[in-house]
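**Q** Take a look at start-v4.tsv, TSV, C-alpha atoms and all ligand atoms:
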chain	number	residue	atom	x	y	z
A	1	MET	CA	105.33	114.26	96.91
A	2	ILE	CA	104.54	111.27	99.10
A	3	ASN	CA	106.88	111.07	102.06
A	4	ARG	CA	107.93	107.87	103.79
A	5	LYS	CA	107.74	107.83	107.55
A	6	SER	CA	110.71	106.73	109.62
A	7	ARG	CA	110.43	104.04	112.28
A	8	GLU	CA	110.48	106.78	114.93
A	9	GLU	CA	107.69	108.73	113.20
A	10	LEU	CA	105.59	105.58	112.91
A	11	LYS	CA	106.01	105.00	116.64
A	12	LEU	CA	104.70	108.49	117.40
A	13	MET	CA	101.83	108.05	114.95
A	14	LYS	CA	100.94	104.74	116.57
A	15	HIS	CA	100.73	106.52	119.89
A	16	ALA	CA	98.59	109.35	118.46
A	17	GLY	CA	96.42	106.70	116.79
A	18	SER	CA	96.00	104.72	120.00
A	19	VAL	CA	94.64	107.85	121.69
A	20	VAL	CA	92.19	108.27	118.78
A	21	ALA	CA	91.15	104.66	119.43
A	22	LEU	CA	90.63	105.45	123.12
A	23	VAL	CA	88.37	108.34	122.15
A	24	HIS	CA	86.40	106.01	119.88
A	25	GLN	CA	85.97	103.62	122.79
A	26	ALA	CA	84.55	106.50	124.84
A	27	MET	CA	82.28	107.52	121.93
A	28	LYS	CA	80.96	103.98	121.56
A	29	GLU	CA	79.95	104.00	125.22
A	30	ALA	CA	78.50	107.52	125.13
A	31	VAL	CA	76.43	107.28	121.95
A	32	LYS	CA	72.85	106.87	123.18
A	33	PRO	CA	69.47	108.42	122.48
A	34	GLY	CA	69.30	111.82	124.22
A	35	ILE	CA	72.97	112.84	124.09
A	36	SER	CA	73.94	115.91	122.05
A	37	THR	CA	76.83	116.00	119.61
A	38	LEU	CA	78.35	118.83	121.68
A	39	GLU	CA	78.42	116.54	124.74
A	40	LEU	CA	80.21	113.91	122.62
A	41	ASP	CA	82.71	116.58	121.57
A	42	GLU	CA	83.36	117.49	125.21
A	43	ILE	CA	84.03	113.85	126.12
A	44	ALA	CA	86.40	113.52	123.16
A	45	ALA	CA	88.26	116.72	124.08
A	46	LYS	CA	88.76	115.45	127.62
A	47	VAL	CA	90.18	112.08	126.55
A	48	ILE	CA	92.49	113.68	123.98
A	49	LYS	CA	93.87	116.19	126.48
A	50	GLU	CA	94.17	113.68	129.34
A	51	ASN	CA	96.39	111.66	127.04
A	52	LYS	CA	98.66	114.64	126.26
A	53	CYS	CA	97.55	114.99	122.67
A	54	ILE	CA	96.19	117.96	120.75
A	55	PRO	CA	92.77	117.75	119.07
A	56	THR	CA	93.87	117.95	115.43
A	57	PHE	CA	90.54	119.14	114.04
A	58	LEU	CA	90.00	122.05	116.43
A	59	GLY	CA	90.78	125.21	114.49
A	60	TYR	CA	91.71	123.28	111.31
A	61	ASN	CA	90.64	125.72	108.58
A	62	GLY	CA	88.57	127.25	111.37
A	63	PHE	CA	86.65	124.06	112.30
A	64	PRO	CA	85.06	124.68	115.73
A	65	GLY	CA	85.05	121.12	117.17
A	66	CYS	CA	87.38	118.32	118.29
A	67	ILE	CA	85.28	115.75	116.43
A	68	CYS	CA	83.14	115.78	113.32
A	69	ALA	CA	79.70	114.42	114.21
A	70	SER	CA	77.54	113.61	111.20
A	71	ILE	CA	74.06	112.14	111.69
A	72	ASN	CA	72.15	109.95	109.18
A	73	GLU	CA	72.24	111.74	105.76
A	74	GLU	CA	75.21	113.81	106.91
A	75	VAL	CA	78.38	112.34	105.42
A	76	VAL	CA	81.28	114.21	107.04
A	77	HIS	CA	82.22	117.49	108.76
A	78	GLY	CA	79.15	117.85	110.99
A	79	ILE	CA	79.81	120.55	113.60
A	80	PRO	CA	79.12	119.43	117.20
A	81	SER	CA	76.13	121.28	118.62
A	82	SER	CA	74.04	121.31	121.80
A	83	GLY	CA	70.96	121.37	119.59
A	84	ARG	CA	71.75	118.11	117.78
A	85	ILE	CA	70.35	115.34	119.98
A	86	LEU	CA	70.69	111.68	119.00
A	87	LYS	CA	67.50	109.66	118.61
A	88	GLU	CA	66.84	105.93	118.72
A	89	GLY	CA	67.39	104.52	115.22
A	90	ASP	CA	69.88	107.18	114.08
A	91	ILE	CA	73.39	106.46	112.91
A	92	ILE	CA	76.22	108.84	113.73
A	93	SER	CA	79.60	109.08	112.01
A	94	ILE	CA	82.27	110.37	114.36
A	95	ASP	CA	85.61	111.44	112.92
A	96	ILE	CA	88.49	112.04	115.34
A	97	GLY	CA	92.03	113.38	114.99
A	98	ALA	CA	94.74	113.55	117.65
A	99	THR	CA	98.25	114.95	117.34
A	100	TYR	CA	101.11	113.62	119.49
A	101	ARG	CA	104.51	115.32	119.28
A	102	GLY	CA	103.64	116.67	115.85
A	103	MET	CA	102.30	113.43	114.36
A	104	VAL	CA	98.62	112.87	113.51
A	105	GLY	CA	96.23	109.92	113.90
A	106	ASP	CA	92.91	110.10	112.03
A	107	SER	CA	90.02	107.64	112.32
A	108	ALA	CA	86.25	107.66	111.83
A	109	TRP	CA	83.53	105.20	112.76
A	110	THR	CA	79.76	105.09	112.29
A	111	TYR	CA	77.81	104.07	115.38
A	112	PRO	CA	74.22	102.89	115.73
A	113	VAL	CA	72.07	104.85	118.18
A	114	GLY	CA	70.07	102.20	120.01
A	115	LYS	CA	68.29	99.79	117.68
A	116	ILE	CA	68.66	100.62	113.99
A	117	SER	CA	66.94	99.32	110.84
A	118	LYS	CA	68.30	96.34	108.89
A	119	GLU	CA	68.95	98.76	106.00
A	120	TYR	CA	71.23	100.89	108.22
A	121	GLU	CA	72.88	97.80	109.72
A	122	ASP	CA	73.77	96.58	106.23
A	123	LEU	CA	75.13	100.00	105.25
A	124	LEU	CA	77.44	99.96	108.29
A	125	LYS	CA	78.49	96.37	107.61
A	126	ILE	CA	79.38	97.10	103.96
A	127	THR	CA	81.23	100.35	104.70
A	128	GLU	CA	83.31	98.71	107.45
A	129	LEU	CA	84.06	95.80	105.11
A	130	ALA	CA	85.06	98.29	102.37
A	131	LEU	CA	87.53	99.83	104.83
A	132	PHE	CA	89.09	96.49	105.73
A	133	ASN	CA	89.19	95.30	102.12
A	134	GLY	CA	90.98	98.54	101.28
A	135	ILE	CA	93.40	98.14	104.19
A	136	ALA	CA	94.34	94.64	103.00
A	137	GLN	CA	95.74	96.22	99.80
A	138	MET	CA	97.97	98.70	101.66
A	139	LYS	CA	101.28	96.95	101.04
A	140	PRO	CA	104.51	97.64	99.19
A	141	ASP	CA	104.42	97.14	95.42
A	142	ASN	CA	100.64	97.35	95.19
A	143	ILE	CA	99.32	100.51	93.50
A	144	LEU	CA	96.93	103.08	94.94
A	145	ASP	CA	94.19	101.85	92.62
A	146	ASP	CA	94.33	98.45	94.35
A	147	ILE	CA	93.00	100.13	97.52
A	148	SER	CA	90.47	102.25	95.61
A	149	GLY	CA	89.30	99.22	93.64
A	150	ALA	CA	88.83	97.08	96.75
A	151	VAL	CA	86.65	99.79	98.30
A	152	GLU	CA	84.68	100.24	95.06
A	153	ASP	CA	84.09	96.51	94.60
A	154	THR	CA	82.77	96.22	98.15
A	155	ALA	CA	80.41	99.18	97.72
A	156	LEU	CA	79.13	97.77	94.43
A	157	GLY	CA	78.45	94.29	95.80
A	158	LYS	CA	81.26	92.62	93.87
A	159	ALA	CA	83.87	91.79	96.53
A	160	GLU	CA	84.25	88.07	97.27
A	161	ASN	CA	83.81	88.41	101.03
A	162	ILE	CA	80.47	90.26	100.95
A	163	PRO	CA	77.75	88.49	102.98
A	164	ALA	CA	75.57	86.37	100.69
A	165	ASP	CA	72.43	88.48	101.19
A	166	LEU	CA	74.26	91.65	100.10
A	167	LYS	CA	76.00	90.23	97.01
A	168	GLY	CA	75.26	92.42	94.00
A	169	LYS	CA	73.77	95.22	96.09
A	170	LYS	CA	75.03	98.60	94.89
A	171	TYR	CA	75.60	101.52	97.23
A	172	GLY	CA	76.51	105.11	96.40
A	173	ILE	CA	80.19	106.09	96.67
A	174	VAL	CA	81.07	109.64	97.66
A	175	ARG	CA	83.26	111.07	94.89
A	176	GLN	CA	84.35	114.50	96.14
A	177	TYR	CA	85.99	113.28	99.35
A	178	GLY	CA	88.38	110.44	99.99
A	179	GLY	CA	91.43	109.17	101.79
A	180	HIS	CA	94.75	110.95	102.11
A	181	GLY	CA	98.32	110.71	103.22
A	182	VAL	CA	98.76	111.67	106.86
A	183	GLY	CA	101.76	112.36	109.09
A	184	ARG	CA	103.03	115.74	110.26
A	185	ASN	CA	99.94	117.17	108.58
A	186	MET	CA	96.43	115.78	108.62
A	187	HIS	CA	96.20	115.99	104.84
A	188	GLU	CA	99.26	115.05	102.82
A	189	ASP	CA	99.81	113.47	99.42
A	190	PRO	CA	98.44	111.28	98.00
A	191	PHE	CA	94.68	111.78	97.67
A	192	LEU	CA	93.00	108.38	97.63
A	193	PHE	CA	89.75	107.93	95.73
A	194	ASN	CA	87.17	105.42	96.91
A	195	TYR	CA	86.75	104.12	93.35
A	196	ARG	CA	89.16	103.23	90.56
A	197	VAL	CA	90.80	106.17	88.80
A	198	ASN	CA	93.64	104.24	87.15
A	199	ASN	CA	96.17	105.59	89.65
A	200	LYS	CA	99.24	103.39	89.21
A	201	THR	CA	101.33	105.09	91.91
A	202	LYS	CA	103.25	102.33	93.67
A	203	ILE	CA	102.88	101.98	97.42
A	204	LYS	CA	106.19	101.95	99.31
A	205	SER	CA	106.95	100.87	102.86
A	206	GLY	CA	106.68	103.88	105.16
A	207	TYR	CA	103.72	105.39	103.30
A	208	VAL	CA	100.87	106.20	105.66
A	209	ILE	CA	97.36	106.74	104.31
A	210	ALA	CA	94.05	107.43	106.03
A	211	ILE	CA	91.77	105.04	104.16
A	212	GLU	CA	88.19	106.22	104.53
A	213	PRO	CA	85.28	104.92	102.49
A	214	MET	CA	82.15	107.11	102.62
A	215	ILE	CA	79.26	105.04	101.35
A	216	ASN	CA	75.65	106.06	100.78
A	217	LEU	CA	72.32	104.23	100.76
A	218	GLY	CA	71.30	106.25	97.71
A	219	VAL	CA	73.09	108.41	95.16
A	220	ASP	CA	76.82	109.26	95.02
A	221	GLU	CA	76.22	113.03	95.05
A	222	VAL	CA	76.70	115.19	98.12
A	223	VAL	CA	76.13	118.84	98.98
A	224	VAL	CA	77.84	121.20	101.44
A	225	SER	CA	75.57	122.99	103.91
A	226	ALA	CA	74.89	126.58	102.86
A	227	ALA	CA	74.15	127.38	106.51
A	228	ASP	CA	77.57	126.55	108.02
A	229	ASN	CA	79.73	125.83	104.94
A	230	TRP	CA	81.03	122.66	106.64
A	231	CYS	CA	78.53	119.84	106.92
A	232	VAL	CA	78.40	117.57	103.87
A	233	SER	CA	75.13	115.69	103.28
A	234	THR	CA	73.89	113.30	100.62
A	235	ALA	CA	72.01	115.02	97.78
A	236	ASP	CA	69.00	112.70	98.20
A	237	ASN	CA	68.98	112.85	102.02
A	238	LYS	CA	69.50	109.11	102.35
A	239	ALA	CA	71.88	107.87	105.02
A	240	SER	CA	75.66	107.65	104.69
A	241	ALA	CA	78.36	105.77	106.62
A	242	HIS	CA	82.07	106.52	107.13
A	243	PHE	CA	84.78	104.21	108.45
A	244	GLU	CA	88.42	105.26	108.55
A	245	HIS	CA	91.75	104.03	109.85
A	246	THR	CA	95.24	105.50	109.52
A	247	VAL	CA	97.31	102.71	107.96
A	248	ALA	CA	101.04	102.29	107.29
A	249	ALA	CA	102.45	100.10	104.55
A	250	THR	CA	105.27	97.96	105.95
A	251	GLU	CA	107.35	95.05	104.71
A	252	ASP	CA	105.26	92.89	107.06
A	253	GLY	CA	101.99	94.09	105.53
A	254	PRO	CA	99.43	96.77	106.43
A	255	MET	CA	99.78	98.22	109.94
A	256	ILE	CA	96.72	99.95	111.42
A	257	LEU	CA	97.99	102.89	113.47
A	258	THR	CA	94.62	103.93	114.91
A	259	ALA	CA	94.06	100.79	117.00
A	260	LEU	CA	94.37	100.41	120.76
A	261	GLU	CA	97.99	99.89	121.84
A	301	MG	MG	89.10	111.49	109.64
A	302	MG	MG	90.83	111.49	107.09
Go ahead and render the structure in this file as structure tokens.

**A**
Amino acid sequence: MINRKSREELKLMKHAGSVVALVHQAMKEAVKPGISTLELDEIAAKVIKENKCIPTFLGYNGFPGCICASINEEVVHGIPSSGRILKEGDIISIDIGATYRGMVGDSAWTYPVGKISKEYEDLLKITELALFNGIAQMKPDNILDDISGAVEDTALGKAENIPADLKGKKYGIVRQYGGHGVGRNMHEDPFLFNYRVNNKTKIKSGYVIAIEPMINLGVDEVVVSAADNWCVSTADNKASAHFEHTVAATEDGPMILTALE
């Protein structure tokens, strides 16, 4: 069942989301060659706690970090570690959750580490555009497939607003993971695919969905690390990007809850 959030719940989620945005601001400043993903996790934990929120991810199904930190070919669920040091030219996807008075905000962003290749820059550009094209469809009376389709069209080079030099360029779309309802729990109904699945479920005002395209330079397929059973990487070891916002459908249009207040 998809639940509709009340005005009061949306207010709390907006606050939780604004703290997630603050953490992202801190991550953007901290991401540099030489920093470890554990140090990033410590910075995130500090900002979350200073702002009277709970790190949603910590302990979730036993996850040991406050952020997921996934480098290059890693897609999602990278465990922060003192041994993982960022290098010039890497990209890092950082996923952050914060809970405020029982309500969750969830947002991910992929950051360049120093100067990155044009190929990586384009991947980031397209994945961010896929997110915003998806968000634009998050309004009452649209169907879930409108969001999925907007993400898919962007990843496959078919969306109208794709930069001219990337028109027709096809990227891989992660199939096994996707967006989700969010509220009192991090993962609620509905599941949202990042490609069309003919889901005609109507969007209603008060629905809140974490829209989160995961787009790959190469193939769609991903594998879960046998070593830690968490980290998801692309099957061909080519890079992946991940952009996510928590978004409410309202009568006035899509409302991003994970933005600065
Ligand atoms: Mg997330
Ligand atoms: Mg999410």

**Q** Find the nearest atom pair between each residue of chain A and ligand MG 301 (chain A) for residues within 9 Å, count all atoms listed in the file, give distances in Å to one decimal, sort rows by chain and ascending number, and present the table as JSON lines.

**A**
{"residue": "A:Phe57", "atom": "CA", "partner": "A:MG301", "partner_atom": "MG", "distance": 8.9}
{"residue": "A:Ile67", "atom": "CA", "partner": "A:MG301", "partner_atom": "MG", "distance": 8.9}
{"residue": "A:Cys68", "atom": "CA", "partner": "A:MG301", "partner_atom": "MG", "distance": 8.2}
{"residue": "A:Val76", "atom": "CA", "partner": "A:MG301", "partner_atom": "MG", "distance": 8.7}
{"residue": "A:Ile94", "atom": "CA", "partner": "A:MG301", "partner_atom": "MG", "distance": 8.4}
{"residue": "A:Asp95", "atom": "CA", "partner": "A:MG301", "partner_atom": "MG", "distance": 4.8}
{"residue": "A:Ile96", "atom": "CA", "partner": "A:MG301", "partner_atom": "MG", "distance": 5.8}
{"residue": "A:Gly97", "atom": "CA", "partner": "A:MG301", "partner_atom": "MG", "distance": 6.4}
{"residue": "A:Gly105", "atom": "CA", "partner": "A:MG301", "partner_atom": "MG", "distance": 8.5}
{"residue": "A:Asp106", "atom": "CA", "partner": "A:MG301", "partner_atom": "MG", "distance": 4.7}
{"residue": "A:Ser107", "atom": "CA", "partner": "A:MG301", "partner_atom": "MG", "distance": 4.8}
{"residue": "A:Ala108", "atom": "CA", "partner": "A:MG301", "partner_atom": "MG", "distance": 5.3}
{"residue": "A:Trp109", "atom": "CA", "partner": "A:MG301", "partner_atom": "MG", "distance": 9.0}
{"residue": "A:Gly179", "atom": "CA", "partner": "A:MG301", "partner_atom": "MG", "distance": 8.5}
{"residue": "A:Met186", "atom": "CA", "partner": "A:MG301", "partner_atom": "MG", "distance": 8.6}
{"residue": "A:Ala210", "atom": "CA", "partner": "A:MG301", "partner_atom": "MG", "distance": 7.3}
{"residue": "A:Ile211", "atom": "CA", "partner": "A:MG301", "partner_atom": "MG", "distance": 8.9}
{"residue": "A:Glu212", "atom": "CA", "partner": "A:MG301", "partner_atom": "MG", "distance": 7.4}
{"residue": "A:His242", "atom": "CA", "partner": "A:MG301", "partner_atom": "MG", "distance": 9.0}
{"residue": "A:Phe243", "atom": "CA", "partner": "A:MG301", "partner_atom": "MG", "distance": 8.5}
{"residue": "A:Glu244", "atom": "CA", "partner": "A:MG301", "partner_atom": "MG", "distance": 6.4}
{"residue": "A:His245", "atom": "CA", "partner": "A:MG301", "partner_atom": "MG", "distance": 7.9}
{"residue": "A:Thr246", "atom": "CA", "partner": "A:MG301", "partner_atom": "MG", "distance": 8.6}

**Q** Find the residues near Asn194 in chain A: any atom within 8 Å, counting all atoms listed in the file, skip ones fewer than 5 places away on the same chain, and give them as a PyMOL selection string.

**A** chain A and resi 147-149+151-152+173-175+178-179+212-214

**Q** Neighbouring residues of Ala30 in chain A were defined as those with any atom within 12 Å, considering only C-alpha atoms; residues of the same chain fewer than 5 positions away were excluded. Please report them as a ChimeraX atom specification.

**A** /A:23-25,35-44,86,92,94,111-114

**Q** From the options A:Asp220, A:Ile126, A:Arg7, A:Ile116, which residue's atoms come nearest to Ala248 in chain A, counting only C-alpha atoms?

**A**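 Closest to Ala248 in chain A, using only C-alpha atoms: A:Arg7.
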
**Q** What box, with edges along x, y and z, holds each listed atom of range 164-180 of chain A when 3 Å is added on every side, and can you state its centre and edge lengths in Å to one decimal, as lines of an AutoDock Vina configuration file?

**A**
center_x = 83.6
center_y = 100.4
center_z = 98.1
size_x = 28.3
size_y = 34.1
size_z = 14.1

**Q** Can you work out which one of A:Lys49, A:Lys238, A:His77, A:Lys139 has the shortest atom-to-atom distance to Ile256 in chain A, counting only C-alpha atoms?

**A** A:Lys139

**Q** In Å, with one decimal, what is the gap from CA of Lys200 in chain A to CA of Asn142 in chain A?

**A**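 Atom-to-atom, CA of Lys200 in chain A and CA of Asn142 in chain A are spaced 8.6 Å apart.
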
**Q** Restricting the calculation to all atoms listed in the file, which member of A:Leu156, A:Val222, A:Met138, A:Leu257 is positioned closest to Ala98 in chain A?

**A**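 Using all atoms listed in the file, Ala98 in chain A sits closest to A:Leu257.
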
**Q** At what distance in Å, to one decimal, does CA of Pro163 in chain A lie from CA of Lys115 in chain A?

**A**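 That distance, rounded to one decimal, is 20.8 Å.
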
**Q** What is the distance between CA of Met1 in chain A and CA of Asn61 in chain A, in Å to one decimal?

**A**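 Separating CA of Met1 in chain A from CA of Asn61 in chain A is a distance of 22.0 Å.
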
**Q** Given the point (101.0, 115.1, 102.9) in the coordinates of this file, which residues lie within 12 Å, counting all atoms listed in the file, and how would they look as a list in words?

**A**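 Looking at atoms near the point gives Met1, Ile2, Asn3, Arg4, Lys5, Met103, Val104, Gly179, His180, Gly181, Val182, Gly183, Arg184, Asn185, Met186, His187, Glu188, Asp189, Pro190, Phe191, Leu192, Tyr207, Val208, Ile209 and Ala210 of chain A.
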
**Q** My list of candidates is A:Tyr177, A:Gly206, A:Lys158, A:Arg196. Which is closest to ligand MG 302 (chain A) when distances are computed with all atoms listed in the file?

**A**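 Distance minimum relative to ligand MG 302 (chain A) lands on A:Tyr177.
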
**Q** Would you please work out which residue, of A:Ala259, A:Ala150, A:Leu129, A:Val247, is nearest to ligand MG 302 (chain A) when using only C-alpha atoms and all ligand atoms?

**A**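 Looking at the shortest contact to ligand MG 302 (chain A), the residue is A:Val247.
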